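Quick notes on the structure that follows.
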Amino acid sequence: MTGNTVISVRNLVKKFGNFVANDNLNFNVFEGEIFGFLGANGAGKTTTIRILSGLSKPTSGTVMVAGFDAKKQAEEIKKNIGYMCQRFSLYDDLTVKENIMLYGGIYGMKKKTIQDRTTALLEQLNFGQYSDSMISSLPLGLKQKLAFSVAILHEPRIVFLDEPTGGVDPVTRRQFWEMIYEATARGITVFVTTHYMDEAEYCDRVSIMSEGRIVALDTPEELRKQYNAGSIEEVFIKIARPSRNVEGGLE
Amino acid sequence: MKRFHGFVKKEFLHIFRDYRTLVILFGLPVAEILIFGFVISMEIKDAGIAFLDLSKDDVTQKISDKMCSSDFFRKVEDLQSYHDIDMIMKTGRAKAVIVFGENFGRDLVSRGEADMSIITDASEPNTATLITNYASAIVSDFNMEYREKNSGAKILVSPEVRMFYNPELRSHFMFVPGVITFILILICALMTSITITREKEFGTMEVLLVSPLKPSQIILGKVMPYFILSFINVLLILLLSRIAFDLPVKGSLSLLLAESMLYILMSLSLGILISTVSKTMQQAIFISLVGLMLPTILLSGFIFPLENMPRVYDVVAYFLPPRYYITIIKNIMIKGTGFFSVWKETLILTIMTLFFIVLSVRKFKIRLQ
Amino acid sequence: MQKVIEASGIAKNFGNTQALRGISFDVNEGEIFGFIGPDGAGKTTLFRIITTLYLPDEGSMTVLGVDCVKGYRKLRENIGYMPGRFSLYMDLSVEENLRFYASVFGTTIEENYELIKDIYSHIEPFKTRLAGQLSGGMKQKLALSCALIHKPRLLVLDEPTTGVDAVSRTEFWEMLGKLKAHNITVVVSTPYMDEATKCDRVALIQEGQILSVNPPEVLKDSFTRKLFYVKASDKYNLLKILRSFPLTISAYPFGDSIHTTFSKDNPLGDLNEYLLSKGINDFSISEGRAGIEDRFLELMGTESIHYQ
């Protein structure tokens, strides 16, 4: 699992005034892997994801995503990534089809391509009957699955998933992860955050962040061995518990 | 009581923590008054006028002196012939030319009327209208004096009724009541409806409802700070118009303040009513703006006189509370009349207030929808 | 034992959506009673009926010995409620929030400090900070302190741990456990199945219906089949192969292994052969104990055949 490096982070620091949200991060993400990005609330995960997806600039350090520099080529990065977060992703007042067409359009895909992919996608998800339903009428699980499909509609090199399965039922959660596996089989790199620790076990490699730093990064198996723990949850609780004085860190 | 006290304290904290609320509360009234007072000022000052006096007698001299002694007009030239009119207007030095016909004074004495025309530069229609109005008003003023001295003389120029109670012809007078009316409904209705829907949107209302607080306590607690602040606002506006525009309250100040409290109460209950029918702050803002603010500006006689309105709007205006308040406050502030001249409006406003209070308290749910 | 909640046949509709379809359950005094189920199962609706915010369309419910429709005023004195979104005023400081909720219930922080001390002491160092600037875990603790400040007899917590990290979640459940000493009954909902083990009794809820009410241990034991943990390095491939194995009834990924049930009590010989024939060499198979989530998946009746 050491293919091409698609994300490379060197000495990344991000400050908000006096508050250091990311304190000298160093890590690589390789092509086609599922990279689990864990951390307590307020550990600085969201800040890092924003920088990696070109939404925010690092204070210092070098960040290369899909071969582009996050400091200068944010626009190029945005063309090569997909992004899905827990709450906002699809427009509630548009139909399934309209949402897909909209995102295809945003990423400058050809109309014919969008139509072909839409058909394929609806078929693959068994979504045919819903194609003209409003997003707001769909159950949460379906919405999240659709949101993921839309996020990788333009075949990005990397897709960022920010707590994609929060509140989703156990069956749908597993179906969602199967979709993630399928995407990686096609060569898409998946960068995912989650609060479900058992999902961390599905990742190829897991990093754990605490107080703005990465305190552990390895395969789930190695982490369990290293910390003499039965599960990633135990590992997490052992090392991610922030010290009291900074726990109130900004979200 | 302790519960209520805690609630009101919290509301004040919300207000003083959010600078935007403070700006709307206190910045807006001051800005409105100043903007209306100075920038969009509807008055003219030192407008250049020229005279073509073909009669050159005592009477024409008196009228032109009277005009130029006011702050509004400044004589730029005495013209010699009709040809000069076009010329001086084109240079822009004069915004208007006053023409007195031949034998003006003699005609006035013998026939009771005389020829006079006001020619204005209508490329600026507003200014032109204003100059015409002001000039006619001065002439009618003169006419009244003349009539008093020579009883039985006929009217020279028909006087402008709307300026009758505004003898110094200062337009701020018309705006101050309008601004008060507008500001109060803005603060009271919009702000209360926003603060209540905000609790709904952020989910804090759920906990308030589950608490032993009674709906009446929640409503009163929400309304109390805005009642106090709105009242301070009325005082602020009155003080400001006194200082900046030298505008006194002619009638009874305490009557004016009492009527304002009634109107504030009415607006607050409207705000609560809006909050009971809207689920989000956005809805509340929309309903307040479109449902209250627009009609207040357009139909209460604030900017457009009610007399000139098409019948339909006039009928609609009967149902708008601001209309009655604006009448009341104009009467008290500018005409200086007492309670007897506004009791009808006050009664209507009181009935409306009671109606809205009862309706909003009844509509305020003790549970979620 | 005294019943704190007695509900029978509770139903609630919103338009054409049946949020609750005739739910009956009892909650005993002093227990932690969990409602476990995904988003949209009807947990929030049910909690709003318990807290007198909604009226049920059908059925009856007695809370703390009072009818929750007629006696809502009395109930509201004795319930502590923490809705799904933390009901905090983000523009007020930590202390101001707590003081406000105390005053609303006619009490003071000082009066009931003992009760919230364990929880509030975590955030007390930041009491002048605005609630909007707290991290998720701290907001959660503040919201819990606010819900407890009037010493309620019943505490209703709607998904208090959603979106909160595993560390804060663990701490939170420890705190709930301590409330027992104060004889406060807790009704709590969560979408995290593993948290069920922290409750005294658990109701599994799905699509407005209760699938089962049991202590967590009983729930685990009621798993009907033998459960096998199958592991291999290529998990996705393993999953697909397990699904295609003719004896497989269900196969769900759980962490690093795949929890599988078979139609035969001893499928190991056949399975070994099958996996090898599909080119998987590094697998391991062991019999394992079912967890709450296994039982939930079983109760949902979604078997691997219908699984996509």
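Going through the structure tokens in order, the chains are called A, B, and so on, while each chain numbers its residues from 1 and the ligands are numbered from 1 in the order shown.
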Please list as a PDB file with all heavy atoms, in the first residue's frame every residue within 10 Å of Thr60 (chain B), counting only C-alpha atoms and excluding residues in the same chain fewer than 2 positions away.
```
ATOM      1  N   PHE B  51     -36.583  88.362 -10.556  1.00  0.00           N
ATOM      2  CA  PHE B  51     -37.896  89.026 -10.635  1.00  0.00           C
ATOM      3  C   PHE B  51     -38.011  89.791 -11.946  1.00  0.00           C
ATOM      4  O   PHE B  51     -37.049  90.429 -12.390  1.00  0.00           O
ATOM      5  CB  PHE B  51     -38.053  90.008  -9.467  1.00  0.00           C
ATOM      6  CG  PHE B  51     -38.208  89.318  -8.145  1.00  0.00           C
ATOM      7  CD1 PHE B  51     -37.098  89.006  -7.378  1.00  0.00           C
ATOM      8  CD2 PHE B  51     -39.477  88.977  -7.685  1.00  0.00           C
ATOM      9  CE1 PHE B  51     -37.240  88.352  -6.167  1.00  0.00           C
ATOM     10  CE2 PHE B  51     -39.615  88.328  -6.468  1.00  0.00           C
ATOM     11  CZ  PHE B  51     -38.495  88.018  -5.702  1.00  0.00           C
ATOM     12  N   ASP B  53     -40.358  92.574 -12.792  1.00  0.00           N
ATOM     13  CA  ASP B  53     -41.416  93.404 -12.217  1.00  0.00           C
ATOM     14  C   ASP B  53     -41.792  94.474 -13.229  1.00  0.00           C
ATOM     15  O   ASP B  53     -41.070  95.451 -13.440  1.00  0.00           O
ATOM     16  CB  ASP B  53     -40.886  94.020 -10.917  1.00  0.00           C
ATOM     17  CG  ASP B  53     -42.006  94.686 -10.136  1.00  0.00           C
ATOM     18  OD1 ASP B  53     -43.097  94.874 -10.709  1.00  0.00           O
ATOM     19  OD2 ASP B  53     -41.768  95.004  -8.948  1.00  0.00           O
ATOM     20  N   LEU B  54     -42.931  94.267 -13.882  1.00  0.00           N
ATOM     21  CA  LEU B  54     -43.357  95.223 -14.908  1.00  0.00           C
ATOM     22  C   LEU B  54     -44.153  96.369 -14.296  1.00  0.00           C
ATOM     23  O   LEU B  54     -44.542  97.305 -14.957  1.00  0.00           O
ATOM     24  CB  LEU B  54     -44.205  94.515 -15.976  1.00  0.00           C
ATOM     25  CG  LEU B  54     -43.493  93.350 -16.671  1.00  0.00           C
ATOM     26  CD1 LEU B  54     -44.436  92.619 -17.611  1.00  0.00           C
ATOM     27  CD2 LEU B  54     -42.269  93.855 -17.421  1.00  0.00           C
ATOM     28  N   SER B  55     -44.420  96.253 -13.015  1.00  0.00           N
ATOM     29  CA  SER B  55     -45.268  97.254 -12.373  1.00  0.00           C
ATOM     30  C   SER B  55     -44.441  98.200 -11.499  1.00  0.00           C
ATOM     31  O   SER B  55     -44.641  99.403 -11.509  1.00  0.00           O
ATOM     32  CB  SER B  55     -46.321  96.533 -11.529  1.00  0.00           C
ATOM     33  OG  SER B  55     -47.094  97.441 -10.819  1.00  0.00           O
ATOM     34  N   LYS B  56     -43.492  97.610 -10.761  1.00  0.00           N
ATOM     35  CA  LYS B  56     -42.606  98.366  -9.878  1.00  0.00           C
ATOM     36  C   LYS B  56     -43.366  99.300  -8.943  1.00  0.00           C
ATOM     37  O   LYS B  56     -43.128 100.499  -8.909  1.00  0.00           O
ATOM     38  CB  LYS B  56     -41.586  99.161 -10.700  1.00  0.00           C
ATOM     39  CG  LYS B  56     -40.588  98.246 -11.416  1.00  0.00           C
ATOM     40  CD  LYS B  56     -39.297  99.000 -11.716  1.00  0.00           C
ATOM     41  CE  LYS B  56     -38.186  98.123 -12.223  1.00  0.00           C
ATOM     42  NZ  LYS B  56     -38.293  97.723 -13.640  1.00  0.00           N
ATOM     43  N   ASP B  57     -44.314  98.765  -8.196  1.00  0.00           N
ATOM     44  CA  ASP B  57     -45.046  99.598  -7.239  1.00  0.00           C
ATOM     45  C   ASP B  57     -44.811  99.102  -5.814  1.00  0.00           C
ATOM     46  O   ASP B  57     -44.020  98.171  -5.574  1.00  0.00           O
ATOM     47  CB  ASP B  57     -46.549  99.619  -7.577  1.00  0.00           C
ATOM     48  CG  ASP B  57     -47.122  98.232  -7.649  1.00  0.00           C
ATOM     49  OD1 ASP B  57     -46.709  97.358  -6.842  1.00  0.00           O
ATOM     50  OD2 ASP B  57     -47.984  97.970  -8.538  1.00  0.00           O
ATOM     51  N   ASP B  58     -45.523  99.687  -4.859  1.00  0.00           N
ATOM     52  CA  ASP B  58     -45.348  99.335  -3.454  1.00  0.00           C
ATOM     53  C   ASP B  58     -45.633  97.868  -3.166  1.00  0.00           C
ATOM     54  O   ASP B  58     -44.906  97.207  -2.429  1.00  0.00           O
ATOM     55  CB  ASP B  58     -46.306 100.170  -2.572  1.00  0.00           C
ATOM     56  CG  ASP B  58     -45.715 101.541  -2.350  1.00  0.00           C
ATOM     57  OD1 ASP B  58     -44.598 101.775  -2.867  1.00  0.00           O
ATOM     58  OD2 ASP B  58     -46.371 102.346  -1.674  1.00  0.00           O
ATOM     59  N   LYS B  62     -43.258  94.903  -1.816  1.00  0.00           N
ATOM     60  CA  LYS B  62     -43.519  94.233  -0.547  1.00  0.00           C
ATOM     61  C   LYS B  62     -43.430  92.708  -0.707  1.00  0.00           C
ATOM     62  O   LYS B  62     -42.819  92.006   0.104  1.00  0.00           O
ATOM     63  CB  LYS B  62     -44.928  94.571  -0.026  1.00  0.00           C
ATOM     64  CG  LYS B  62     -44.895  95.608   1.080  1.00  0.00           C
ATOM     65  CD  LYS B  62     -46.278  95.788   1.652  1.00  0.00           C
ATOM     66  CE  LYS B  62     -46.346  97.080   2.442  1.00  0.00           C
ATOM     67  NZ  LYS B  62     -47.726  97.594   2.535  1.00  0.00           N
ATOM     68  N   ILE B  63     -44.071  92.221  -1.803  1.00  0.00           N
ATOM     69  CA  ILE B  63     -44.083  90.762  -2.003  1.00  0.00           C
ATOM     70  C   ILE B  63     -42.664  90.247  -2.237  1.00  0.00           C
ATOM     71  O   ILE B  63     -42.235  89.252  -1.648  1.00  0.00           O
ATOM     72  CB  ILE B  63     -45.010  90.366  -3.178  1.00  0.00           C
ATOM     73  CG1 ILE B  63     -46.451  90.710  -2.827  1.00  0.00           C
ATOM     74  CG2 ILE B  63     -44.896  88.876  -3.495  1.00  0.00           C
ATOM     75  CD1 ILE B  63     -47.449  90.402  -3.923  1.00  0.00           C
ATOM     76  N   SER B  64     -41.920  90.943  -3.094  1.00  0.00           N
ATOM     77  CA  SER B  64     -40.579  90.430  -3.382  1.00  0.00           C
ATOM     78  C   SER B  64     -39.678  90.547  -2.167  1.00  0.00           C
ATOM     79  O   SER B  64     -38.844  89.672  -1.918  1.00  0.00           O
ATOM     80  CB  SER B  64     -39.970  91.113  -4.612  1.00  0.00           C
ATOM     81  OG  SER B  64     -40.048  92.517  -4.488  1.00  0.00           O
ATOM     82  N   ASP B  65     -39.860  91.589  -1.369  1.00  0.00           N
ATOM     83  CA  ASP B  65     -39.079  91.689  -0.131  1.00  0.00           C
ATOM     84  C   ASP B  65     -39.384  90.524   0.799  1.00  0.00           C
ATOM     85  O   ASP B  65     -38.492  89.923   1.399  1.00  0.00           O
ATOM     86  CB  ASP B  65     -39.405  93.004   0.608  1.00  0.00           C
ATOM     87  CG  ASP B  65     -38.678  94.167  -0.028  1.00  0.00           C
ATOM     88  OD1 ASP B  65     -37.844  93.905  -0.935  1.00  0.00           O
ATOM     89  OD2 ASP B  65     -38.950  95.322   0.360  1.00  0.00           O
ATOM     90  N   LYS B  66     -40.679  90.244   0.901  1.00  0.00           N
ATOM     91  CA  LYS B  66     -41.113  89.160   1.791  1.00  0.00           C
ATOM     92  C   LYS B  66     -40.469  87.836   1.359  1.00  0.00           C
ATOM     93  O   LYS B  66     -40.051  87.041   2.189  1.00  0.00           O
ATOM     94  CB  LYS B  66     -42.642  89.051   1.739  1.00  0.00           C
ATOM     95  CG  LYS B  66     -43.223  88.235   2.890  1.00  0.00           C
ATOM     96  CD  LYS B  66     -44.734  88.349   2.873  1.00  0.00           C
ATOM     97  CE  LYS B  66     -45.404  87.381   3.817  1.00  0.00           C
ATOM     98  NZ  LYS B  66     -45.018  87.496   5.218  1.00  0.00           N
ATOM     99  N   VAL B  99     -42.942  86.816 -12.016  1.00  0.00           N
ATOM    100  CA  VAL B  99     -43.345  87.893 -12.926  1.00  0.00           C
ATOM    101  C   VAL B  99     -44.574  88.624 -12.362  1.00  0.00           C
ATOM    102  O   VAL B  99     -45.582  87.975 -12.063  1.00  0.00           O
ATOM    103  CB  VAL B  99     -43.679  87.330 -14.333  1.00  0.00           C
ATOM    104  CG1 VAL B  99     -43.994  88.469 -15.289  1.00  0.00           C
ATOM    105  CG2 VAL B  99     -42.523  86.485 -14.846  1.00  0.00           C
ATOM    106  N   PHE B 100     -44.438  89.926 -12.170  1.00  0.00           N
ATOM    107  CA  PHE B 100     -45.602  90.733 -11.788  1.00  0.00           C
ATOM    108  C   PHE B 100     -46.086  91.470 -13.028  1.00  0.00           C
ATOM    109  O   PHE B 100     -45.294  92.100 -13.728  1.00  0.00           O
ATOM    110  CB  PHE B 100     -45.221  91.765 -10.711  1.00  0.00           C
ATOM    111  CG  PHE B 100     -44.755  91.125  -9.421  1.00  0.00           C
ATOM    112  CD1 PHE B 100     -43.407  91.089  -9.095  1.00  0.00           C
ATOM    113  CD2 PHE B 100     -45.693  90.578  -8.550  1.00  0.00           C
ATOM    114  CE1 PHE B 100     -42.991  90.502  -7.911  1.00  0.00           C
ATOM    115  CE2 PHE B 100     -45.267  90.000  -7.358  1.00  0.00           C
ATOM    116  CZ  PHE B 100     -43.915  89.963  -7.038  1.00  0.00           C
ATOM    117  N   GLY B 101     -47.372  91.381 -13.297  1.00  0.00           N
ATOM    118  CA  GLY B 101     -47.933  92.041 -14.480  1.00  0.00           C
ATOM    119  C   GLY B 101     -47.922  93.568 -14.328  1.00  0.00           C
ATOM    120  O   GLY B 101     -47.662  94.099 -13.249  1.00  0.00           O
ATOM    121  N   ASN B 103     -49.223  97.262 -13.813  1.00  0.00           N
ATOM    122  CA  ASN B 103     -50.244  97.842 -12.932  1.00  0.00           C
ATOM    123  C   ASN B 103     -50.718  96.858 -11.867  1.00  0.00           C
ATOM    124  O   ASN B 103     -51.898  96.787 -11.575  1.00  0.00           O
ATOM    125  CB  ASN B 103     -51.461  98.338 -13.730  1.00  0.00           C
ATOM    126  CG  ASN B 103     -51.036  99.305 -14.816  1.00  0.00           C
ATOM    127  OD1 ASN B 103     -50.125 100.121 -14.611  1.00  0.00           O
ATOM    128  ND2 ASN B 103     -51.667  99.185 -15.964  1.00  0.00           N
ATOM    129  N   PHE B 104     -49.782  96.142 -11.312  1.00  0.00           N
ATOM    130  CA  PHE B 104     -50.129  95.098 -10.362  1.00  0.00           C
ATOM    131  C   PHE B 104     -50.859  95.687  -9.144  1.00  0.00           C
ATOM    132  O   PHE B 104     -51.958  95.266  -8.783  1.00  0.00           O
ATOM    133  CB  PHE B 104     -48.843  94.383  -9.912  1.00  0.00           C
ATOM    134  CG  PHE B 104     -49.055  93.169  -9.062  1.00  0.00           C
ATOM    135  CD1 PHE B 104     -49.193  91.914  -9.644  1.00  0.00           C
ATOM    136  CD2 PHE B 104     -49.129  93.283  -7.686  1.00  0.00           C
ATOM    137  CE1 PHE B 104     -49.391  90.794  -8.861  1.00  0.00           C
ATOM    138  CE2 PHE B 104     -49.337  92.170  -6.897  1.00  0.00           C
ATOM    139  CZ  PHE B 104     -49.460  90.909  -7.486  1.00  0.00           C
ATOM    140  N   GLY B 105     -50.224  96.668  -8.519  1.00  0.00           N
ATOM    141  CA  GLY B 105     -50.786  97.262  -7.311  1.00  0.00           C
ATOM    142  C   GLY B 105     -52.129  97.910  -7.572  1.00  0.00           C
ATOM    143  O   GLY B 105     -53.075  97.734  -6.807  1.00  0.00           O
ATOM    144  N   MET B 116     -49.990  87.637 -11.751  1.00  0.00           N
ATOM    145  CA  MET B 116     -48.662  87.286 -11.265  1.00  0.00           C
ATOM    146  C   MET B 116     -48.375  85.873 -11.704  1.00  0.00           C
ATOM    147  O   MET B 116     -49.251  85.003 -11.672  1.00  0.00           O
ATOM    148  CB  MET B 116     -48.665  87.346  -9.736  1.00  0.00           C
ATOM    149  CG  MET B 116     -47.392  86.850  -9.136  1.00  0.00           C
ATOM    150  SD  MET B 116     -47.529  86.749  -7.349  1.00  0.00           S
ATOM    151  CE  MET B 116     -46.052  85.854  -7.002  1.00  0.00           C
TER     152      MET B 116
END
```
Within 10 Å of Val76 (chain B), counting only C-alpha atoms, which residues show up once you throw out same-chain ones fewer than 6 positions away? Write them as a PDB file with all heavy atoms, in the first residue's frame, please.
```pdb
ATOM      1  N   ALA B  47     -32.569  79.356  -2.614  1.00  0.00           N
ATOM      2  CA  ALA B  47     -32.744  79.115  -4.037  1.00  0.00           C
ATOM      3  C   ALA B  47     -32.712  80.464  -4.759  1.00  0.00           C
ATOM      4  O   ALA B  47     -33.351  81.431  -4.327  1.00  0.00           O
ATOM      5  CB  ALA B  47     -34.056  78.401  -4.288  1.00  0.00           C
ATOM      6  N   GLY B  48     -31.938  80.483  -5.841  1.00  0.00           N
ATOM      7  CA  GLY B  48     -31.839  81.753  -6.574  1.00  0.00           C
ATOM      8  C   GLY B  48     -33.110  82.032  -7.368  1.00  0.00           C
ATOM      9  O   GLY B  48     -33.577  81.173  -8.106  1.00  0.00           O
ATOM     10  N   ILE B  49     -33.686  83.208  -7.175  1.00  0.00           N
ATOM     11  CA  ILE B  49     -34.832  83.577  -8.021  1.00  0.00           C
ATOM     12  C   ILE B  49     -34.604  84.966  -8.609  1.00  0.00           C
ATOM     13  O   ILE B  49     -33.916  85.814  -8.036  1.00  0.00           O
ATOM     14  CB  ILE B  49     -36.183  83.567  -7.249  1.00  0.00           C
ATOM     15  CG1 ILE B  49     -36.096  84.403  -5.979  1.00  0.00           C
ATOM     16  CG2 ILE B  49     -36.647  82.161  -6.943  1.00  0.00           C
ATOM     17  CD1 ILE B  49     -37.463  84.614  -5.341  1.00  0.00           C
ATOM     18  N   ALA B  50     -35.202  85.150  -9.752  1.00  0.00           N
ATOM     19  CA  ALA B  50     -35.111  86.468 -10.403  1.00  0.00           C
ATOM     20  C   ALA B  50     -36.510  87.080 -10.477  1.00  0.00           C
ATOM     21  O   ALA B  50     -37.506  86.359 -10.400  1.00  0.00           O
ATOM     22  CB  ALA B  50     -34.509  86.300 -11.786  1.00  0.00           C
ATOM     23  N   PHE B  51     -36.583  88.362 -10.556  1.00  0.00           N
ATOM     24  CA  PHE B  51     -37.896  89.026 -10.635  1.00  0.00           C
ATOM     25  C   PHE B  51     -38.011  89.791 -11.946  1.00  0.00           C
ATOM     26  O   PHE B  51     -37.049  90.429 -12.390  1.00  0.00           O
ATOM     27  CB  PHE B  51     -38.053  90.008  -9.467  1.00  0.00           C
ATOM     28  CG  PHE B  51     -38.208  89.318  -8.145  1.00  0.00           C
ATOM     29  CD1 PHE B  51     -37.098  89.006  -7.378  1.00  0.00           C
ATOM     30  CD2 PHE B  51     -39.477  88.977  -7.685  1.00  0.00           C
ATOM     31  CE1 PHE B  51     -37.240  88.352  -6.167  1.00  0.00           C
ATOM     32  CE2 PHE B  51     -39.615  88.328  -6.468  1.00  0.00           C
ATOM     33  CZ  PHE B  51     -38.495  88.018  -5.702  1.00  0.00           C
ATOM     34  N   CYS B  68     -37.652  87.421  -0.393  1.00  0.00           N
ATOM     35  CA  CYS B  68     -36.202  87.379  -0.228  1.00  0.00           C
ATOM     36  C   CYS B  68     -35.774  87.430   1.233  1.00  0.00           C
ATOM     37  O   CYS B  68     -34.644  87.050   1.561  1.00  0.00           O
ATOM     38  CB  CYS B  68     -35.548  88.525  -0.994  1.00  0.00           C
ATOM     39  SG  CYS B  68     -35.826  88.359  -2.749  1.00  0.00           S
ATOM     40  N   ILE B  88     -31.653  83.656 -18.216  1.00  0.00           N
ATOM     41  CA  ILE B  88     -31.175  83.446 -16.845  1.00  0.00           C
ATOM     42  C   ILE B  88     -31.476  82.033 -16.340  1.00  0.00           C
ATOM     43  O   ILE B  88     -30.747  81.456 -15.552  1.00  0.00           O
ATOM     44  CB  ILE B  88     -31.735  84.516 -15.886  1.00  0.00           C
ATOM     45  CG1 ILE B  88     -30.949  84.477 -14.553  1.00  0.00           C
ATOM     46  CG2 ILE B  88     -33.221  84.281 -15.601  1.00  0.00           C
ATOM     47  CD1 ILE B  88     -30.837  85.796 -13.916  1.00  0.00           C
ATOM     48  N   ARG B  93     -28.582  80.180 -12.887  1.00  0.00           N
ATOM     49  CA  ARG B  93     -28.404  81.038 -11.717  1.00  0.00           C
ATOM     50  C   ARG B  93     -29.716  81.204 -10.966  1.00  0.00           C
ATOM     51  O   ARG B  93     -29.735  81.311  -9.754  1.00  0.00           O
ATOM     52  CB  ARG B  93     -27.853  82.406 -12.137  1.00  0.00           C
ATOM     53  CG  ARG B  93     -26.356  82.329 -12.481  1.00  0.00           C
ATOM     54  CD  ARG B  93     -25.689  83.678 -12.321  1.00  0.00           C
ATOM     55  NE  ARG B  93     -26.294  84.679 -13.183  1.00  0.00           N
ATOM     56  CZ  ARG B  93     -26.609  85.911 -12.785  1.00  0.00           C
ATOM     57  NH1 ARG B  93     -26.424  86.256 -11.528  1.00  0.00           N
ATOM     58  NH2 ARG B  93     -27.127  86.771 -13.634  1.00  0.00           N
ATOM     59  N   ALA B  94     -30.803  81.201 -11.713  1.00  0.00           N
ATOM     60  CA  ALA B  94     -32.115  81.316 -11.068  1.00  0.00           C
ATOM     61  C   ALA B  94     -32.909  80.037 -11.290  1.00  0.00           C
ATOM     62  O   ALA B  94     -32.918  79.482 -12.376  1.00  0.00           O
ATOM     63  CB  ALA B  94     -32.884  82.500 -11.624  1.00  0.00           C
ATOM     64  N   LYS B  95     -33.502  79.536 -10.196  1.00  0.00           N
ATOM     65  CA  LYS B  95     -34.335  78.337 -10.326  1.00  0.00           C
ATOM     66  C   LYS B  95     -35.762  78.724 -10.701  1.00  0.00           C
ATOM     67  O   LYS B  95     -36.557  77.886 -11.100  1.00  0.00           O
ATOM     68  CB  LYS B  95     -34.385  77.586  -8.978  1.00  0.00           C
ATOM     69  CG  LYS B  95     -33.040  77.106  -8.507  1.00  0.00           C
ATOM     70  CD  LYS B  95     -32.713  75.757  -9.105  1.00  0.00           C
ATOM     71  CE  LYS B  95     -31.336  75.303  -8.615  1.00  0.00           C
ATOM     72  NZ  LYS B  95     -30.651  74.529  -9.645  1.00  0.00           N
ATOM     73  N   VAL B  97     -38.431  82.342 -11.821  1.00  0.00           N
ATOM     74  CA  VAL B  97     -38.613  83.767 -12.078  1.00  0.00           C
ATOM     75  C   VAL B  97     -40.034  84.144 -11.663  1.00  0.00           C
ATOM     76  O   VAL B  97     -40.994  83.455 -12.015  1.00  0.00           O
ATOM     77  CB  VAL B  97     -38.386  84.100 -13.583  1.00  0.00           C
ATOM     78  CG1 VAL B  97     -38.643  85.576 -13.834  1.00  0.00           C
ATOM     79  CG2 VAL B  97     -36.982  83.691 -14.008  1.00  0.00           C
TER      80      VAL B  97
END
```
- Hey, what's within 10 Å of region 214-228 of chain A if we count only C-alpha atoms and toss same-chain stuff fewer than 2 positions away? As a PyMOL selection string, please? (chain A and resi 22-27+35-39+43-45+200-212+230-236+238-240) or (chain C and resi 255-256)
Take the residues just selected and output them with C-alpha atoms as an mmCIF file, in the first residue's frame.
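The file below, again32.cif, is the result:
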```cif
data_model
loop_
_atom_site.group_PDB
_atom_site.id
_atom_site.type_symbol
_atom_site.label_atom_id
_atom_site.label_comp_id
_atom_site.auth_asym_id
_atom_site.auth_seq_id
_atom_site.Cartn_x
_atom_site.Cartn_y
_atom_site.Cartn_z
ATOM 1 C CA ASN A 22 -2.816 22.607 13.465
ATOM 2 C CA ASP A 23 0.558 22.283 15.093
ATOM 3 C CA ASN A 24 3.217 21.055 12.667
ATOM 4 C CA LEU A 25 1.443 18.195 10.890
ATOM 5 C CA ASN A 26 3.360 15.729 8.714
ATOM 6 C CA PHE A 27 1.754 12.891 6.809
ATOM 7 C CA PHE A 35 -7.351 7.153 5.203
ATOM 8 C CA GLY A 36 -9.177 7.478 8.516
ATOM 9 C CA PHE A 37 -8.729 10.872 10.112
ATOM 10 C CA LEU A 38 -9.799 10.631 13.758
ATOM 11 C CA GLY A 39 -9.674 13.021 16.653
ATOM 12 C CA ALA A 43 -8.724 18.585 17.924
ATOM 13 C CA GLY A 44 -8.319 20.463 14.642
ATOM 14 C CA LYS A 45 -9.650 17.956 12.101
ATOM 15 C CA ALA A 200 -11.967 3.240 11.852
ATOM 16 C CA GLU A 201 -11.177 -0.447 11.553
ATOM 17 C CA TYR A 202 -12.401 -0.404 7.948
ATOM 18 C CA CYS A 203 -9.693 2.073 7.004
ATOM 19 C CA ASP A 204 -6.347 1.114 5.512
ATOM 20 C CA ARG A 205 -4.551 3.561 7.747
ATOM 21 C CA VAL A 206 -5.747 5.646 10.646
ATOM 22 C CA SER A 207 -4.389 8.861 12.092
ATOM 23 C CA ILE A 208 -5.457 10.159 15.483
ATOM 24 C CA MET A 209 -5.298 13.847 16.198
ATOM 25 C CA SER A 210 -5.237 15.507 19.582
ATOM 26 C CA GLU A 211 -4.729 19.164 20.435
ATOM 27 C CA GLY A 212 -3.745 20.074 16.906
ATOM 28 C CA GLY A 230 -8.482 -4.762 21.668
ATOM 29 C CA SER A 231 -9.970 -2.132 19.383
ATOM 30 C CA ILE A 232 -9.310 1.267 17.872
ATOM 31 C CA GLU A 233 -11.822 2.682 20.344
ATOM 32 C CA GLU A 234 -9.529 1.667 23.199
ATOM 33 C CA VAL A 235 -6.549 3.146 21.413
ATOM 34 C CA PHE A 236 -8.495 6.337 20.861
ATOM 35 C CA LYS A 238 -6.007 6.025 25.601
ATOM 36 C CA ILE A 239 -4.376 8.706 23.522
ATOM 37 C CA ALA A 240 -6.949 11.198 22.316
ATOM 38 C CA GLY C 255 -14.502 -3.420 12.665
ATOM 39 C CA ASP C 256 -11.685 -5.652 11.500
#
```
